[in-house]
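Visitor: Contents of final.txt (compact mmCIF, C-alpha atoms) are given next:
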# COMPACT_ATOMS: atom_id res chain seq x y z
CA MET L 1 101.25 121.23 106.84
CA ARG L 2 100.60 118.98 109.81
CA GLN L 3 97.34 119.53 111.63
CA THR L 4 97.55 120.86 115.16
CA PRO L 5 96.52 118.03 117.48
CA SER L 6 94.17 118.60 120.37
CA HIS L 7 95.47 117.97 123.88
CA GLU L 8 92.05 117.40 125.38
CA GLY L 9 92.78 113.66 125.49
CA GLU L 10 96.08 114.30 127.25
CA HIS L 11 94.46 116.43 129.92
CA GLU L 12 91.61 113.95 130.34
CA GLN L 13 94.03 111.04 130.71
CA ALA L 14 96.21 113.00 133.13
CA GLY L 15 93.15 113.77 135.24
CA LYS L 16 92.06 110.15 135.40
CA ASP L 17 95.47 108.49 135.75
CA ARG L 18 97.74 109.64 138.57
CA ASN L 19 100.62 107.72 136.95
CA PHE L 20 100.38 109.71 133.70
CA VAL L 21 103.38 112.07 133.37
CA THR L 22 102.22 115.07 131.37
CA ALA L 23 105.72 116.55 130.93
CA LEU L 24 106.98 113.31 129.38
CA ALA L 25 103.97 113.11 127.09
CA ARG L 26 104.55 116.66 125.92
CA GLY L 27 108.21 116.02 125.23
CA LEU L 28 107.33 113.06 123.05
CA GLU L 29 104.71 115.15 121.24
CA LEU L 30 107.42 117.65 120.32
CA LEU L 31 109.57 114.91 118.81
CA ARG L 32 106.58 113.63 116.82
CA ALA L 33 105.98 117.13 115.42
CA PHE L 34 108.96 116.85 113.06
CA GLY L 35 107.65 115.65 109.71
CA ALA L 36 109.46 113.78 106.96
CA GLY L 37 111.73 116.07 104.96
CA GLU L 38 111.59 118.88 107.55
CA GLU L 39 114.94 119.67 109.09
CA TYR L 40 114.42 122.63 111.41
CA LEU L 41 111.49 123.88 113.52
CA GLY L 42 111.38 126.75 115.98
CA ASN L 43 109.59 126.97 119.31
CA ALA L 44 106.68 128.90 117.80
CA GLU L 45 106.18 126.28 115.07
CA LEU L 46 106.38 123.46 117.60
CA SER L 47 103.85 125.22 119.81
CA ASN L 48 101.45 125.67 116.89
CA ARG L 49 101.75 122.04 115.82
CA THR L 50 101.35 120.49 119.23
CA GLY L 51 99.08 122.94 121.02
CA ILE L 52 101.60 123.11 123.89
CA PRO L 53 102.07 126.65 125.28
CA ARG L 54 105.23 128.32 124.00
CA PRO L 55 106.87 128.79 127.46
CA SER L 56 106.51 125.04 128.05
CA VAL L 57 107.87 124.31 124.59
CA SER L 58 110.97 126.42 125.34
CA ARG L 59 111.69 124.43 128.49
CA LEU L 60 111.07 121.12 126.75
CA THR L 61 113.28 121.91 123.74
CA TYR L 62 116.07 122.99 126.09
CA THR L 63 115.82 119.72 128.03
CA LEU L 64 115.61 117.57 124.90
CA THR L 65 118.66 119.36 123.50
CA GLN L 66 120.64 118.69 126.67
CA LEU L 67 119.73 115.00 126.41
CA GLY L 68 120.71 114.74 122.74
CA TYR L 69 117.22 114.24 121.32
CA LEU L 70 117.26 117.64 119.63
CA GLN L 71 120.03 119.74 118.09
CA HIS L 72 119.88 123.52 118.36
CA ASN L 73 121.03 125.86 115.58
CA PRO L 74 121.72 129.21 117.29
CA GLY L 75 122.04 131.02 113.97
CA ILE L 76 118.36 130.52 113.12
CA GLU L 77 117.10 129.71 116.63
CA LYS L 78 115.56 126.45 115.53
CA TYR L 79 115.85 122.76 116.32
CA ARG L 80 116.19 119.50 114.46
CA LEU L 81 116.05 115.89 115.62
CA GLY L 82 119.25 114.74 117.27
CA ALA L 83 121.24 111.55 117.32
CA GLY L 84 119.37 110.32 120.38
CA VAL L 85 116.15 109.94 118.41
CA LEU L 86 117.98 108.17 115.59
CA ALA L 87 119.60 105.79 118.06
CA LEU L 88 116.23 104.92 119.57
CA GLY L 89 114.76 104.33 116.12
CA TYR L 90 117.56 102.03 115.06
CA ARG L 91 117.41 100.19 118.37
CA TYR L 92 113.69 99.62 117.89
CA LEU L 93 114.15 98.35 114.35
CA ALA L 94 117.11 96.20 115.33
CA ASN L 95 115.04 94.51 118.03
CA MET L 96 112.32 93.64 115.55
CA GLY L 97 113.68 90.37 114.23
CA ILE L 98 110.68 90.11 111.95
CA ARG L 99 112.41 92.52 109.55
CA ASP L 100 115.31 90.15 109.05
CA LEU L 101 112.98 87.18 108.67
CA ALA L 102 110.64 88.95 106.28
CA ARG L 103 113.15 90.73 104.04
CA PRO L 104 114.15 87.76 101.81
CA HIS L 105 110.50 86.86 101.24
CA LEU L 106 109.57 90.45 100.43
CA GLN L 107 112.48 90.83 98.03
CA ARG L 108 111.69 87.59 96.19
CA LEU L 109 108.12 88.75 95.62
CA ALA L 110 109.31 92.20 94.55
CA ASP L 111 111.71 90.66 92.02
CA ALA L 112 109.14 88.19 90.71
CA THR L 113 106.40 90.79 90.23
CA ASP L 114 108.51 93.90 89.55
CA CYS L 115 106.55 95.69 92.28
CA SER L 116 107.25 97.25 95.67
CA VAL L 117 106.57 95.00 98.65
CA SER L 118 106.56 96.37 102.19
CA LEU L 119 106.01 95.50 105.82
CA GLY L 120 104.40 98.18 107.96
CA THR L 121 102.94 98.93 111.35
CA ALA L 122 100.51 101.51 112.69
CA ASP L 123 101.54 104.74 114.34
CA ARG L 124 98.36 106.43 115.55
CA THR L 125 96.35 107.07 112.38
CA SER L 126 99.25 106.53 109.97
CA MET L 127 101.20 103.52 108.75
CA MET L 128 104.99 103.38 108.85
CA TYR L 129 107.14 101.12 106.70
CA LEU L 130 109.49 98.90 108.72
CA GLU L 131 110.87 97.20 105.61
CA SER L 132 110.46 97.85 101.91
CA CYS L 133 111.80 95.92 98.92
CA HIS L 134 111.60 96.88 95.26
CA GLY L 135 111.77 95.38 91.80
CA THR L 136 113.93 96.90 89.09
CA GLY L 137 111.37 98.17 86.58
CA PRO L 138 110.71 101.82 85.71
CA LEU L 139 107.18 101.90 87.16
CA ILE L 140 108.16 101.17 90.76
CA ILE L 141 106.94 103.20 93.73
CA ARG L 142 110.14 103.54 95.74
CA LEU L 143 109.14 104.34 99.30
CA GLY L 144 111.74 103.33 101.87
CA VAL L 145 111.92 102.35 105.54
CA GLY L 146 110.32 105.03 107.69
CA SER L 147 107.93 106.21 104.98
CA ARG L 148 104.49 107.07 106.29
CA LEU L 149 101.16 106.47 104.57
CA PRO L 150 97.64 107.45 105.60
CA MET L 151 95.82 104.64 107.36
CA ALA L 152 92.41 105.53 105.95
CA THR L 153 93.23 105.57 102.24
CA SER L 154 96.26 103.32 101.70
CA ALA L 155 95.97 99.59 101.05
CA ILE L 156 98.34 98.75 103.89
CA GLY L 157 96.41 100.95 106.32
CA ARG L 158 93.07 99.44 105.44
CA ALA L 159 94.57 95.96 105.67
CA TRP L 160 95.83 96.73 109.17
CA LEU L 161 92.32 97.83 110.12
CA CYS L 162 91.06 94.44 108.91
CA GLY L 163 93.43 92.68 111.30
CA VAL L 164 92.60 94.44 114.57
CA SER L 165 89.69 93.71 116.87
CA ASP L 166 86.26 95.18 116.15
CA GLU L 167 86.55 97.34 119.27
CA ARG L 168 89.94 98.75 118.24
CA ARG L 169 88.73 99.36 114.69
CA GLN L 170 85.68 101.28 115.86
CA GLN L 171 87.84 103.43 118.09
CA LEU L 172 90.13 104.25 115.17
CA MET L 173 87.21 104.90 112.85
CA GLY L 174 86.11 107.62 115.25
CA GLU L 175 89.59 109.17 115.18
CA LEU L 176 89.77 108.95 111.39
CA ARG L 177 86.31 110.51 111.06
CA ALA L 178 87.47 113.50 113.08
CA ILE L 179 90.54 113.92 110.87
CA HIS L 180 88.92 113.56 107.46
CA LYS L 181 85.59 115.26 108.29
CA GLY L 182 84.02 116.46 105.01
CA ASP L 183 85.56 113.64 102.98
CA TRP L 184 84.60 110.97 105.49
CA ALA L 185 81.66 109.45 103.58
CA ARG L 186 83.91 108.55 100.64
CA ILE L 187 86.75 107.33 102.85
CA GLU L 188 84.46 105.26 105.08
CA ALA L 189 83.00 103.59 101.98
CA GLY L 190 86.54 102.70 100.87
CA ILE L 191 87.34 101.15 104.25
CA GLU L 192 84.10 99.16 104.24
CA LYS L 193 84.94 97.90 100.74
CA SER L 194 88.36 96.80 101.98
CA LEU L 195 86.72 94.88 104.82
CA ALA L 196 84.45 93.18 102.28
CA ASP L 197 87.40 92.41 99.98
CA TYR L 198 89.29 90.90 102.90
CA ARG L 199 86.36 88.65 103.76
CA GLU L 200 86.09 87.55 100.12
CA TYR L 201 89.72 87.25 99.03
CA GLY L 202 91.82 87.25 102.20
CA PHE L 203 93.44 90.54 101.13
CA CYS L 204 92.45 94.14 100.38
CA LEU L 205 92.50 95.96 97.07
CA SER L 206 93.44 99.58 96.45
CA GLU L 207 92.85 100.61 92.87
CA GLU L 208 94.00 104.21 92.48
CA ASP L 209 92.52 105.10 95.89
CA TRP L 210 95.54 106.49 97.76
CA GLN L 211 97.08 108.09 94.66
CA PRO L 212 95.65 108.04 91.11
CA GLU L 213 98.60 106.21 89.60
CA ILE L 214 99.06 103.54 92.30
CA SER L 215 97.27 100.22 92.78
CA ALA L 216 98.07 97.59 95.38
CA VAL L 217 97.00 94.60 97.39
CA ALA L 218 97.56 94.30 101.13
CA LEU L 219 96.74 92.07 104.06
CA PRO L 220 97.17 92.09 107.84
CA LEU L 221 99.93 90.09 109.46
CA VAL L 222 98.33 88.93 112.70
CA LEU L 223 100.86 87.56 115.21
CA GLU L 224 100.74 86.09 118.70
CA GLY L 225 97.03 85.46 118.54
CA GLY L 226 96.28 89.08 117.69
CA ALA L 227 98.59 90.64 120.29
CA GLU L 228 100.66 92.11 117.44
CA VAL L 229 99.22 93.25 114.13
CA MET L 230 101.32 94.44 111.21
CA ALA L 231 100.52 94.54 107.51
CA LEU L 232 102.04 93.69 104.13
CA ASN L 233 101.42 95.33 100.79
CA CYS L 234 102.45 94.76 97.19
CA GLY L 235 101.87 97.49 94.64
CA GLY L 236 103.03 99.58 91.75
CA HIS L 237 101.84 101.73 88.91
CA SER L 238 98.19 101.28 88.01
CA LEU L 239 99.07 101.13 84.30
CA LYS L 240 100.42 97.61 84.75
CA LEU L 241 98.33 96.40 87.68
CA THR L 242 94.87 95.56 86.36
CA HIS L 243 92.06 94.35 88.61
CA ASP L 244 92.55 90.76 87.41
CA LYS L 245 96.28 90.91 88.10
CA LEU L 246 95.66 92.19 91.61
CA VAL L 247 93.07 89.53 92.41
CA LYS L 248 94.51 86.50 90.62
CA ASN L 249 98.24 87.11 90.84
CA LEU L 250 99.53 89.60 93.41
CA GLY L 251 96.97 88.88 96.13
CA PRO L 252 97.52 85.10 96.27
CA ARG L 253 101.31 85.59 96.12
CA LEU L 254 101.20 88.06 99.00
CA LYS L 255 99.09 85.63 101.02
CA ALA L 256 101.75 82.97 100.49
CA VAL L 257 104.46 85.36 101.66
CA ALA L 258 102.47 86.21 104.78
CA GLN L 259 102.03 82.54 105.59
CA ASP L 260 105.75 81.90 105.11
CA ILE L 261 106.57 84.68 107.58
CA ILE L 262 104.03 83.42 110.11
CA ASN L 263 105.43 79.89 109.82
CA LEU L 264 108.91 81.22 110.61
CA LEU L 265 107.73 83.27 113.58
CA GLU L 266 105.21 80.77 114.93
CA PRO L 267 106.40 77.35 113.73
CA THR L 268 104.09 75.41 116.06
CA ARG L 269 100.97 77.27 115.05
Produce structure tokens that represent the structure in this file.

Guide:
Amino acid sequence: MRQTPSHEGEHEQAGKDRNFVTALARGLELLRAFGAGEEYLGNAELSNRTGIPRPSVSRLTYTLTQLGYLQHNPGIEKYRLGAGVLALGYRYLANMGIRDLARPHLQRLADATDCSVSLGTADRTSMMYLESCHGTGPLIIRLGVGSRLPMATSAIGRAWLCGVSDERRQQLMGELRAIHKGDWARIEAGIEKSLADYREYGFCLSEEDWQPEISAVALPLVLEGGAEVMALNCGGHSLKLTHDKLVKNLGPRLKAVAQDIINLLEPTR
């Protein structure tokens, strides 16, 4: 179950910024409320998830349906994402030439290590896979494009945190603290360890942190002098990925892949 977000920030921003369009922000919040694997949501569910009053939700879902961003099922009086959202998503991915440049390098590493290798970016306090390549072995974690992982506990999320500015990281740490609350001491220690690993190795380690059976290495992909930060990870089942293999094999290989991608994107760097 997704947590109901607070709209205090929205109201505060709307009060300070005369250019902020609250109705547009609310419409986008409704689209974000649809989670992976969930097909239909009703107005009441959308109101509960977003904190937007139900009368406003009804007007927004009607408008989004008319524009093709939602589809309405009159039999159950619920909505699902429409073709308009899918078109925007594909357009976004198509415009990101980095996927095409990175894919061969990711696949070669996946084949050579029999692991899963992915490129991801941040979406609020989650990470989303933009590209994912897999080996052929039986102990492969097969998460595809669009899969979402928690920023605070996944290797790729912690790596992304290593790549952003100190100011941005501190801001996100505050948001993550509010989300994880009672478990924050353990999670914060894991993030601090990842920062230390990155300083020592040039990549982060996740040894059964996100899920008990998964271990991985990850590192930030810092582009355009820090204007764009993405992240790469390489992982698989913890049964075959020992600490030494992560540090001496997968980590250095992933660093080489990252450098190859940077050289293609920024050849004069």

Visitor: When you count all atoms listed in the file, which of these residues is closest to Gln71 in chain L: L:Asp114, L:Asp197, L:Asp260, L:Glu39?

Guide: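 Among the listed residues, the smallest separation from Gln71 in chain L belongs to L:Glu39.
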
Visitor: Place a sphere of radius 12 Å on (109.4, 128.0, 116.4) in the file coordinates and name every protein, DNA or RNA residue with an atom inside or on its surface, counting all atoms listed in the file; give the answer as a PyMOL selection string.

Guide: chain L and resi 30+33-34+40-50+52-55+57-58+61+72-73+76-80

Visitor: Identify which of the residues L:Gly75, L:Gly120, L:Gly163, L:Gly89 lies closest to Gly225 in chain L, counting all atoms listed in the file when measuring atom-to-atom distances.

Guide: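 Of the candidates, the smallest distance to Gly225 in chain L is held by L:Gly163.
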
Visitor: What separation in Å, quoted to one decimal, exists between CA of Gln66 in chain L and CA of Arg148 in chain L?

Guide: 28.5 Å

Visitor: In the coordinates of the file, take the point (101.0, 96.3, 84.0) and a cut-off of 12 Å; then, counting only C-alpha atoms, name each qualifying protein, DNA or RNA residue as a PyMOL selection string.

Guide: chain L and resi 113-115+137-140+213-216+235-246+249-250

Visitor: Could you please determine the separation between CA of Ala196 in chain L and CA of Cys162 in chain L in Å, to one decimal place?

Guide: 9.4 Å

Visitor: Contacts of Leu28 in chain L at 10 Å or less, counting all atoms listed in the file, minus same-chain residues fewer than 6 places along, as a PyMOL selection string?

Guide: chain L and resi 22+60+64

Visitor: Taking 3 positions as the minimum chain separation for residues in the same chain, which residues sit within 12 Å of Ile262 in chain L when counting all atoms listed in the file? Answer as a ChimeraX atom specification.

Guide: /L:98,101-102,105,220-225,228-231,255-259,265-269

Visitor: Can you write just those residues out, C-alpha atoms, as a PDB file, in the frame of the given file?

Guide:
ATOM      1  CA  ILE L  98     110.680  90.110 111.950  1.00  0.00           C
ATOM      2  CA  LEU L 101     112.980  87.180 108.670  1.00  0.00           C
ATOM      3  CA  ALA L 102     110.640  88.950 106.280  1.00  0.00           C
ATOM      4  CA  HIS L 105     110.500  86.860 101.240  1.00  0.00           C
ATOM      5  CA  PRO L 220      97.170  92.090 107.840  1.00  0.00           C
ATOM      6  CA  LEU L 221      99.930  90.090 109.460  1.00  0.00           C
ATOM      7  CA  VAL L 222      98.330  88.930 112.700  1.00  0.00           C
ATOM      8  CA  LEU L 223     100.860  87.560 115.210  1.00  0.00           C
ATOM      9  CA  GLU L 224     100.740  86.090 118.700  1.00  0.00           C
ATOM     10  CA  GLY L 225      97.030  85.460 118.540  1.00  0.00           C
ATOM     11  CA  GLU L 228     100.660  92.110 117.440  1.00  0.00           C
ATOM     12  CA  VAL L 229      99.220  93.250 114.130  1.00  0.00           C
ATOM     13  CA  MET L 230     101.320  94.440 111.210  1.00  0.00           C
ATOM     14  CA  ALA L 231     100.520  94.540 107.510  1.00  0.00           C
ATOM     15  CA  LYS L 255      99.090  85.630 101.020  1.00  0.00           C
ATOM     16  CA  ALA L 256     101.750  82.970 100.490  1.00  0.00           C
ATOM     17  CA  VAL L 257     104.460  85.360 101.660  1.00  0.00           C
ATOM     18  CA  ALA L 258     102.470  86.210 104.780  1.00  0.00           C
ATOM     19  CA  GLN L 259     102.030  82.540 105.590  1.00  0.00           C
ATOM     20  CA  LEU L 265     107.730  83.270 113.580  1.00  0.00           C
ATOM     21  CA  GLU L 266     105.210  80.770 114.930  1.00  0.00           C
ATOM     22  CA  PRO L 267     106.400  77.350 113.730  1.00  0.00           C
ATOM     23  CA  THR L 268     104.090  75.410 116.060  1.00  0.00           C
ATOM     24  CA  ARG L 269     100.970  77.270 115.050  1.00  0.00           C
TER      25      ARG L 269
END

Visitor: Interatomic distance between CA of Gly82 in chain L and CA of Met151 in chain L?

Guide: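 Taking CA of Gly82 in chain L and CA of Met151 in chain L, their separation equals 27.4 Å.
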
Visitor: Which one of L:Glu208, L:Ala110, L:Leu219, L:Gly174 sits closest to Gly157 in chain L if you count only C-alpha atoms?

Guide: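 Of the candidates, the smallest distance to Gly157 in chain L is held by L:Leu219.
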
Visitor: Show which residues sit within 12 Å of Ala178 in chain L, as a ChimeraX atom specification. Count all atoms listed in the file, and ignore same-chain residues fewer than 3 positions away.

Guide: /L:3,5-6,125,152,171-175,181-185,187-188

Visitor: Go through L:His180, L:Arg32, L:Lys193, L:Arg168 one by one, measure the shortest atom-to-atom distance of each to Val85 in chain L using only C-alpha atoms, and give the residue with the smallest value.

Guide: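 The closest residue to Val85 in chain L is L:Arg32.
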
Visitor: Nearest to Thr121 in chain L among L:Leu264, L:Leu232, L:Leu143, L:Leu109, with distances taken over all atoms listed in the file: which residue is it?

Guide: L:Leu232

Visitor: Quick one: residues within 6 Å of Val217 in chain L, all atoms listed in the file counted, chain neighbours fewer than 2 positions away excluded, as an MDAnalysis selection string?

Guide: chainID L and resid 204:205 233:234 251

Visitor: My list of candidates is L:Pro150, L:Ala155, L:Leu88, L:Pro104. Which is closest to Ser132 in chain L when distances are computed with all atoms listed in the file?

Guide: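 Between L:Pro150, L:Ala155, L:Leu88, L:Pro104, the residue approaching Ser132 in chain L most closely is L:Pro104.
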